[in-house]
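Step one of this worksheet: look at the structure below.
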Amino acid sequence: MDIRQETINLIDALKATCQTYGMGNDGNEYKIITQVFLYKFLNDKFGYEIKKLSTKLASAEKWESTYKEMPNEERLDIFDKLSPDVPRMLPEHLISNLWNQQSKGDFDLIFDSTMIDIADKNIDIFSTQTSANTKIPLFEKLTPFVTDDSARSNFARALVDRLVNFSFEDAFTKNYDFFATIFEYLIKDYNTAGGGKYAEYYTPHSIATIMAKLLVGEKNDFHNIECYDPSAGTGTLLMALAHEVGEDKCTIYSQDISQRSNKMLKLNLILNNLVSSLDHAIQGDTLIAPYHKDNDKKKLKQFDFVVSNPPFNTDFSDTRESIAAMPARFWAGVPNIPKKKKNSMAIYTCFIQHVVNSIKPNGKGAIVVPTGFITAQSGIEKNIRKTIVDNGWLKGVISMPSNIFANTGTNVSVIFIDKTNKGDNAEVVLIDASKLGEKRKEGKNQKTILSLDEIALIQNTFKNNEEIEDFSVKVTHKQIKQKYYSWAAGQYFKVELKNIQITKEEYKEKINKLSVIIKEKFEINKQLEKNINDALEDLVNDLPENI
């Protein structure tokens, strides 16, 4: 069995354990699954790395036992040589040590205190923080989520049993695609909306990859690149972007209001060798209190690449006035509070403005938006599009198939901004990919899946600014202004009128069908019906035999 399937089996086993102890689909299940998975990953990563630094450990039949018997000074020497990206773990922190203590009473307390001690010993590097600079440790106590006190020790034993016969070592040589798909599988049951003020829209791996590849392009001589997502969620967009730039060539910055997302983002960063970016993963409200500022701590920090899949609509009436009091940041406006349906407030328009503000003068960005945004002819949406086009920043738009996001039926488009793409005559590519993809049932939802060929078609068309009939069109900012700032590809497609020869009888038949449709659609009295029939009869009688 390959490591991918073994890893999936481990995830399924952990979920089964939660189910057994009454926490299947419980609001806290995701905390247990992600933290236990991460604990096992770090345990194996630590062993893998220290064996490379010590021949004694590498040759040992059981490295954990040899490590435990080492003098403290020898262990500290290994710590000095160990990369900062690897946690420092003492013998008592290892899973093997927990396994050997399972017969002891109060094993739940031993399990939880082990996790907490690992977090405390590594808090300087392996922690995220809130916008108020409060550190969020790597782990928290897990067994209290079991409401039955008497079952907690057995629950902890069951978790350790799941971990002890599995090893991640074969996975450490795998690349981003392996961990991206594993992460997607790991959190697939926890990526639906709910559990927070903002809906957590999970971005499919395929869309994240398209966005990253089109943002980064073919350039590969990057150094010290800064990437940012102000509505990071679980970090899928940022991981794809970091991989495209090169994990060793970029620093990741993020912010999201959701506690749940922050825990999953932390796991995602560690799995993808981005431990050094943990310190920049902020939990907090981006719109009210953006954490990442310039050196003067007054202006927003700007980045080389910015990505975002923000929540589209939610009730932010509590903070609306505070946001509106920052007109320099929200230059196109802030949605008003409706008398009804407060959860329909278009918060994504605020995030778009924040994204635009956060892109360096020579930077690029990509944002997921509801497709209605690209054609709205009034309000904040129109103001945003006008500002972007008037500045010559629009690089392209891709309208995606419906249900590309399994947890929302909203049709979405991805807009690409390039602040170097200036001038009225700069080229913009508009793509209508709405007819692509295969519909599949996923649970209760219908989802659209893009094939590899379709993904390649979208990417190549965008990169090459190709024009393909009824699929893509190449326009300029000047032409977009002439079309009242519409970004919909269909409004720029060429329409060819074809002459078709039909007989007078064929034409009469078509007219009669049209008459029936009109009568079915509208309430028509007898006199009006007679007038319509007479007019149509006169129209047909006046025509030649061949039309």
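So you can find residues: chains in the structure tokens are A, B, ... in the order shown, residues in each start at 1, and ligands are numbered from 1 in order.
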* Name the residues in contact with A:Gly490 at a cut-off of 10 Å, using only C-alpha atoms, excluding same-chain residues fewer than 5 positions from it; report them as a PyMOL selection string. => chain A and resi 430-432+470-473+495
* Show which residues sit within 10 Å of A:Met23, as a VMD selection string. Count only C-alpha atoms, and ignore same-chain residues fewer than 5 positions away. => chain A and resid 15 to 18 28 to 30 32 145 to 147
Write a file of the just-selected residues containing C-alpha atoms, as a short mmCIF file (atom, residue, chain, number, x, y, z; two decimals), in the first residue's frame.
```cif
data_model
loop_
_atom_site.label_atom_id
_atom_site.label_comp_id
_atom_site.auth_asym_id
_atom_site.auth_seq_id
_atom_site.Cartn_x
_atom_site.Cartn_y
_atom_site.Cartn_z
CA LYS A 15 -12.54 10.14 12.30
CA ALA A 16 -13.87 6.70 13.22
CA THR A 17 -12.44 7.09 16.73
CA CYS A 18 -14.21 10.44 17.12
CA ASN A 28 -14.98 20.14 17.91
CA GLU A 29 -14.14 17.12 15.79
CA TYR A 30 -12.02 19.18 13.38
CA ILE A 32 -9.12 16.75 17.33
CA PHE A 145 -14.17 17.52 24.29
CA VAL A 146 -15.40 14.08 25.41
CA THR A 147 -18.27 14.96 27.74
#
```
Polymer residues at most 12 Å from A:Lys52, only C-alpha atoms, same-chain spacing of 4 or more positions, as an mmCIF file with N, CA and C atoms, in the first residue's frame:
```cif
data_model
loop_
_atom_site.group_PDB
_atom_site.id
_atom_site.type_symbol
_atom_site.label_atom_id
_atom_site.label_comp_id
_atom_site.auth_asym_id
_atom_site.auth_seq_id
_atom_site.Cartn_x
_atom_site.Cartn_y
_atom_site.Cartn_z
ATOM 1 N N LYS A 45 8.486 13.831 11.747
ATOM 2 C CA LYS A 45 9.415 14.786 11.135
ATOM 3 C C LYS A 45 10.642 14.981 12.035
ATOM 4 N N PHE A 46 10.401 15.084 13.324
ATOM 5 C CA PHE A 46 11.487 15.237 14.284
ATOM 6 C C PHE A 46 12.430 14.030 14.217
ATOM 7 N N GLY A 47 11.861 12.836 14.250
ATOM 8 C CA GLY A 47 12.683 11.634 14.187
ATOM 9 C C GLY A 47 13.460 11.537 12.889
ATOM 10 N N TYR A 48 12.810 11.875 11.790
ATOM 11 C CA TYR A 48 13.434 11.834 10.467
ATOM 12 C C TYR A 48 14.651 12.776 10.399
ATOM 13 N N LYS A 56 24.316 7.473 15.461
ATOM 14 C CA LYS A 56 23.872 6.589 16.538
ATOM 15 C C LYS A 56 22.362 6.345 16.442
ATOM 16 N N LEU A 57 21.617 7.423 16.212
ATOM 17 C CA LEU A 57 20.167 7.296 16.099
ATOM 18 C C LEU A 57 19.770 6.610 14.794
ATOM 19 N N ALA A 58 20.484 6.945 13.709
ATOM 20 C CA ALA A 58 20.161 6.381 12.400
ATOM 21 C C ALA A 58 20.339 4.870 12.371
ATOM 22 N N SER A 59 21.311 4.360 13.110
ATOM 23 C CA SER A 59 21.609 2.921 13.093
ATOM 24 C C SER A 59 20.860 2.150 14.176
ATOM 25 N N TRP A 63 14.997 4.083 17.424
ATOM 26 C CA TRP A 63 15.673 5.354 17.679
ATOM 27 C C TRP A 63 15.113 6.054 18.910
ATOM 28 N N ILE A 78 22.236 18.208 19.347
ATOM 29 C CA ILE A 78 21.399 17.918 18.177
ATOM 30 C C ILE A 78 20.435 19.081 17.929
ATOM 31 N N LYS A 81 21.904 21.914 15.994
ATOM 32 C CA LYS A 81 22.106 21.665 14.564
ATOM 33 C C LYS A 81 20.786 21.551 13.789
ATOM 34 N N LEU A 82 19.716 21.402 14.527
ATOM 35 C CA LEU A 82 18.409 21.159 13.913
ATOM 36 C C LEU A 82 17.838 22.434 13.305
ATOM 37 N N SER A 83 17.223 22.319 12.151
ATOM 38 C CA SER A 83 16.589 23.465 11.493
ATOM 39 C C SER A 83 15.505 24.066 12.382
#
```
* To do: Quick one: everything within 12 Å of A:Lys483, counting only C-alpha atoms, minus sequence neighbours fewer than 3 positions away in the same chain. Send it as a ChimeraX atom specification.
  => /A:374-375,377,386,389,475-480,486-492
Convert the current residue selection to file output with N, CA and C atoms, as a CSV table (one decimal), in the first residue's frame.
```csv
chain,number,residue,atom,x,y,z
A,374,ILE,N,-19.2,41.4,-12.3
A,374,ILE,CA,-18.5,41.8,-13.5
A,374,ILE,C,-19.4,42.6,-14.5
A,375,THR,N,-20.7,42.6,-14.3
A,375,THR,CA,-21.6,43.3,-15.2
A,375,THR,C,-22.5,44.3,-14.5
A,377,GLN,N,-24.3,47.4,-13.2
A,377,GLN,CA,-24.2,48.7,-13.9
A,377,GLN,C,-24.4,49.9,-12.9
A,386,LYS,N,-14.7,50.5,-12.5
A,386,LYS,CA,-14.3,51.7,-13.1
A,386,LYS,C,-12.9,52.2,-12.7
A,389,VAL,N,-10.2,49.8,-14.1
A,389,VAL,CA,-10.0,50.0,-15.6
A,389,VAL,C,-9.4,51.4,-15.9
A,475,VAL,N,-9.4,42.2,-25.5
A,475,VAL,CA,-9.9,43.6,-25.5
A,475,VAL,C,-8.9,44.5,-24.9
A,476,THR,N,-9.1,45.8,-25.0
A,476,THR,CA,-8.3,46.8,-24.3
A,476,THR,C,-9.1,47.5,-23.3
A,477,HIS,N,-8.4,48.3,-22.4
A,477,HIS,CA,-9.1,49.1,-21.4
A,477,HIS,C,-10.0,50.1,-22.1
A,478,LYS,N,-9.6,50.6,-23.2
A,478,LYS,CA,-10.4,51.6,-23.9
A,478,LYS,C,-11.7,51.0,-24.4
A,479,GLN,N,-11.7,49.8,-24.9
A,479,GLN,CA,-12.9,49.1,-25.4
A,479,GLN,C,-13.8,48.8,-24.2
A,480,ILE,N,-13.2,48.4,-23.1
A,480,ILE,CA,-14.0,48.1,-21.9
A,480,ILE,C,-14.8,49.4,-21.4
A,486,SER,N,-18.1,46.8,-18.7
A,486,SER,CA,-18.5,45.4,-18.5
A,486,SER,C,-17.3,44.5,-18.7
A,487,TRP,N,-17.2,43.5,-17.8
A,487,TRP,CA,-16.0,42.6,-17.9
A,487,TRP,C,-16.5,41.2,-18.4
A,488,ALA,N,-17.7,41.1,-18.9
A,488,ALA,CA,-18.2,39.8,-19.4
A,488,ALA,C,-17.8,39.5,-20.8
A,489,ALA,N,-17.1,38.4,-21.0
A,489,ALA,CA,-16.6,38.0,-22.3
A,489,ALA,C,-17.7,38.0,-23.4
A,490,GLY,N,-18.9,37.5,-23.0
A,490,GLY,CA,-19.9,37.4,-24.0
A,490,GLY,C,-20.3,38.7,-24.6
A,491,GLN,N,-20.2,39.8,-23.9
A,491,GLN,CA,-20.6,41.1,-24.5
A,491,GLN,C,-19.6,41.6,-25.5
A,492,TYR,N,-18.5,40.9,-25.7
A,492,TYR,CA,-17.5,41.3,-26.7
A,492,TYR,C,-17.3,40.3,-27.8
```
* Asked: So which residues of stretch 359-526 of chain A fall under alpha helix (DSSP H) by DSSP, listed as a VMD selection string?
  -> chain A and resid 379 to 390 452 to 463 477 to 482 504 to 521 526
If you keep N, CA and C atoms, can you produce a file of those selected residues as a compact mmCIF listing (two decimals), in the first residue's frame?
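Done, and the output landed in again13.txt:
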```txt
# COMPACT_ATOMS: atom_id res chain seq x y z
N GLY A 379 -23.74 51.30 -8.45
CA GLY A 379 -23.31 51.03 -7.09
C GLY A 379 -21.82 50.80 -6.94
N ILE A 380 -21.48 50.18 -5.81
CA ILE A 380 -20.08 49.96 -5.44
C ILE A 380 -19.37 49.09 -6.47
N GLU A 381 -20.07 48.07 -6.96
CA GLU A 381 -19.46 47.16 -7.94
C GLU A 381 -18.99 47.92 -9.17
N LYS A 382 -19.85 48.78 -9.69
CA LYS A 382 -19.48 49.56 -10.88
C LYS A 382 -18.33 50.52 -10.55
N ASN A 383 -18.36 51.10 -9.37
CA ASN A 383 -17.29 52.02 -8.97
C ASN A 383 -15.92 51.32 -8.90
N ILE A 384 -15.93 50.09 -8.38
CA ILE A 384 -14.67 49.34 -8.29
C ILE A 384 -14.14 49.02 -9.68
N ARG A 385 -15.01 48.52 -10.55
CA ARG A 385 -14.56 48.17 -11.91
C ARG A 385 -14.04 49.40 -12.64
N LYS A 386 -14.72 50.50 -12.47
CA LYS A 386 -14.30 51.74 -13.15
C LYS A 386 -12.92 52.18 -12.67
N THR A 387 -12.69 52.13 -11.37
CA THR A 387 -11.39 52.54 -10.82
C THR A 387 -10.27 51.64 -11.35
N ILE A 388 -10.52 50.33 -11.36
CA ILE A 388 -9.49 49.39 -11.83
C ILE A 388 -9.18 49.61 -13.30
N VAL A 389 -10.21 49.79 -14.13
CA VAL A 389 -10.00 49.99 -15.57
C VAL A 389 -9.38 51.35 -15.86
N ASP A 390 -9.87 52.39 -15.19
CA ASP A 390 -9.34 53.74 -15.42
C ASP A 390 -7.86 53.83 -15.07
N LEU A 452 -8.19 17.88 -16.65
CA LEU A 452 -6.84 18.42 -16.83
C LEU A 452 -6.73 19.17 -18.15
N ASP A 453 -7.38 18.65 -19.20
CA ASP A 453 -7.35 19.33 -20.51
C ASP A 453 -8.06 20.68 -20.44
N GLU A 454 -9.16 20.74 -19.69
CA GLU A 454 -9.90 22.01 -19.57
C GLU A 454 -9.10 23.03 -18.77
N ILE A 455 -8.43 22.56 -17.72
CA ILE A 455 -7.57 23.45 -16.94
C ILE A 455 -6.45 24.01 -17.82
N ALA A 456 -5.85 23.12 -18.64
CA ALA A 456 -4.78 23.55 -19.56
C ALA A 456 -5.31 24.54 -20.58
N LEU A 457 -6.54 24.33 -21.06
CA LEU A 457 -7.14 25.25 -22.03
C LEU A 457 -7.30 26.64 -21.43
N ILE A 458 -7.81 26.71 -20.21
CA ILE A 458 -7.98 28.01 -19.54
C ILE A 458 -6.63 28.70 -19.36
N GLN A 459 -5.65 27.94 -18.85
CA GLN A 459 -4.33 28.53 -18.58
C GLN A 459 -3.65 29.01 -19.85
N ASN A 460 -3.65 28.20 -20.88
CA ASN A 460 -2.96 28.57 -22.12
C ASN A 460 -3.64 29.73 -22.82
N THR A 461 -4.97 29.75 -22.79
CA THR A 461 -5.72 30.85 -23.41
C THR A 461 -5.40 32.17 -22.72
N PHE A 462 -5.35 32.13 -21.39
CA PHE A 462 -5.06 33.34 -20.62
C PHE A 462 -3.62 33.81 -20.86
N LYS A 463 -2.68 32.88 -20.75
CA LYS A 463 -1.26 33.24 -20.90
C LYS A 463 -0.97 33.83 -22.27
N HIS A 477 -8.42 48.26 -22.41
CA HIS A 477 -9.13 49.05 -21.40
C HIS A 477 -10.04 50.08 -22.08
N LYS A 478 -9.61 50.60 -23.20
CA LYS A 478 -10.41 51.58 -23.93
C LYS A 478 -11.72 50.96 -24.40
N GLN A 479 -11.65 49.75 -24.93
CA GLN A 479 -12.87 49.07 -25.38
C GLN A 479 -13.79 48.76 -24.21
N ILE A 480 -13.20 48.42 -23.05
CA ILE A 480 -14.02 48.14 -21.87
C ILE A 480 -14.77 49.39 -21.43
N LYS A 481 -14.12 50.53 -21.49
CA LYS A 481 -14.80 51.79 -21.16
C LYS A 481 -15.99 52.04 -22.09
N GLN A 482 -15.80 51.70 -23.36
CA GLN A 482 -16.87 51.91 -24.35
C GLN A 482 -18.05 50.98 -24.11
N LYS A 504 -42.56 31.12 -47.80
CA LYS A 504 -43.59 31.90 -47.13
C LYS A 504 -44.37 31.05 -46.13
N GLU A 505 -44.65 29.76 -46.49
CA GLU A 505 -45.38 28.86 -45.60
C GLU A 505 -44.58 28.55 -44.34
N GLU A 506 -43.26 28.36 -44.51
CA GLU A 506 -42.39 28.11 -43.35
C GLU A 506 -42.37 29.30 -42.41
N TYR A 507 -42.33 30.50 -43.00
CA TYR A 507 -42.32 31.72 -42.21
C TYR A 507 -43.64 31.87 -41.45
N LYS A 508 -44.76 31.53 -42.16
CA LYS A 508 -46.08 31.63 -41.54
C LYS A 508 -46.19 30.70 -40.34
N GLU A 509 -45.60 29.50 -40.48
CA GLU A 509 -45.61 28.53 -39.38
C GLU A 509 -44.85 29.06 -38.17
N LYS A 510 -43.70 29.70 -38.41
CA LYS A 510 -42.92 30.28 -37.31
C LYS A 510 -43.69 31.41 -36.62
N ILE A 511 -44.37 32.23 -37.42
CA ILE A 511 -45.15 33.34 -36.86
C ILE A 511 -46.28 32.81 -35.99
N ASN A 512 -46.96 31.75 -36.46
CA ASN A 512 -48.05 31.17 -35.68
C ASN A 512 -47.56 30.63 -34.34
N LYS A 513 -46.37 29.98 -34.35
CA LYS A 513 -45.79 29.48 -33.10
C LYS A 513 -45.50 30.63 -32.14
N LEU A 514 -44.97 31.73 -32.70
CA LEU A 514 -44.69 32.92 -31.88
C LEU A 514 -45.97 33.47 -31.28
N SER A 515 -47.06 33.45 -32.05
CA SER A 515 -48.35 33.94 -31.58
C SER A 515 -48.84 33.13 -30.39
N VAL A 516 -48.67 31.80 -30.48
CA VAL A 516 -49.10 30.92 -29.38
C VAL A 516 -48.31 31.23 -28.12
N ILE A 517 -46.99 31.44 -28.27
CA ILE A 517 -46.15 31.75 -27.12
C ILE A 517 -46.58 33.05 -26.45
N ILE A 518 -46.88 34.07 -27.26
CA ILE A 518 -47.32 35.37 -26.72
C ILE A 518 -48.61 35.20 -25.92
N LYS A 519 -49.55 34.42 -26.46
CA LYS A 519 -50.83 34.23 -25.79
C LYS A 519 -50.69 33.47 -24.47
N GLU A 520 -49.72 32.51 -24.46
CA GLU A 520 -49.49 31.73 -23.24
C GLU A 520 -48.82 32.56 -22.15
N LYS A 521 -47.96 33.47 -22.57
CA LYS A 521 -47.17 34.27 -21.61
C LYS A 521 -47.98 35.40 -20.98
N LYS A 526 -60.12 38.91 -25.85
CA LYS A 526 -60.46 38.44 -27.20
C LYS A 526 -60.21 39.49 -28.27
```
* Which residues come within 10 Å of A:Lys301, counting only C-alpha atoms, excluding same-chain residues fewer than 4 positions away, as a PyMOL selection string? -> chain A and resi 228+290-297+357-360
Selection above as a file: N, CA and C atoms, as a CSV table (one decimal), in the first residue's frame:
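Saved result, selection27.csv, follows:
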```csv
chain,number,residue,atom,x,y,z
A,228,TYR,N,0.2,37.4,0.1
A,228,TYR,CA,-0.7,37.8,1.1
A,228,TYR,C,-2.1,37.3,0.7
A,290,PRO,N,-6.7,45.6,10.2
A,290,PRO,CA,-5.7,44.9,9.3
A,290,PRO,C,-4.4,44.9,10.1
A,291,TYR,N,-3.8,43.7,10.2
A,291,TYR,CA,-2.6,43.6,11.1
A,291,TYR,C,-1.4,43.9,10.3
A,292,HIS,N,-1.3,43.6,9.1
A,292,HIS,CA,0.0,43.8,8.3
A,292,HIS,C,0.1,45.2,7.8
A,293,LYS,N,1.0,45.9,8.4
A,293,LYS,CA,1.2,47.3,8.1
A,293,LYS,C,2.6,47.6,7.6
A,294,ASP,N,2.8,48.7,7.0
A,294,ASP,CA,4.2,49.1,6.5
A,294,ASP,C,5.0,49.4,7.7
A,295,ASN,N,6.3,49.8,7.5
A,295,ASN,CA,7.2,50.0,8.6
A,295,ASN,C,6.8,51.1,9.5
A,296,ASP,N,6.0,52.1,9.0
A,296,ASP,CA,5.6,53.2,9.8
A,296,ASP,C,4.3,52.8,10.6
A,297,LYS,N,3.8,51.6,10.4
A,297,LYS,CA,2.7,51.1,11.2
A,297,LYS,C,1.4,51.9,10.9
A,357,ASN,N,-5.7,47.8,-2.6
A,357,ASN,CA,-4.8,48.6,-1.8
A,357,ASN,C,-3.6,47.9,-1.4
A,358,SER,N,-3.6,46.6,-1.3
A,358,SER,CA,-2.5,45.8,-0.7
A,358,SER,C,-1.5,45.3,-1.8
A,359,ILE,N,-1.7,45.6,-3.0
A,359,ILE,CA,-0.8,45.2,-4.1
A,359,ILE,C,0.2,46.3,-4.4
A,360,LYS,N,1.5,45.8,-4.4
A,360,LYS,CA,2.5,46.8,-4.7
A,360,LYS,C,2.3,47.5,-6.1
```
* **Those in stretch 171-343 of chain A with strand (DSSP E or B) from DSSP, as a list in words** =>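 Residues of stretch 171-343 of chain A classed as strand (DSSP E or B): Ile225, Glu226, Cys227, Tyr228, Asp229, Cys250, Thr251, Ile252, Tyr253, Ser254, Gln255, Asp256, Ala281, Ile282, Gln283, Lys293, Leu300, Phe303, Asp304, Phe305, Val306, Val307 and Ser308 of chain A.
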* With distances taken over only C-alpha atoms, which of A:Gly365, A:Gly246, A:Pro87, A:Pro327 is nearest to A:Gly396? -> A:Gly365
* Pick out the closest residue to A:Thr314 from this set: A:Ser344, A:Asn445, A:Gln302, A:Asn464. Count only C-alpha atoms. =>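 Closest candidate: A:Ser344.
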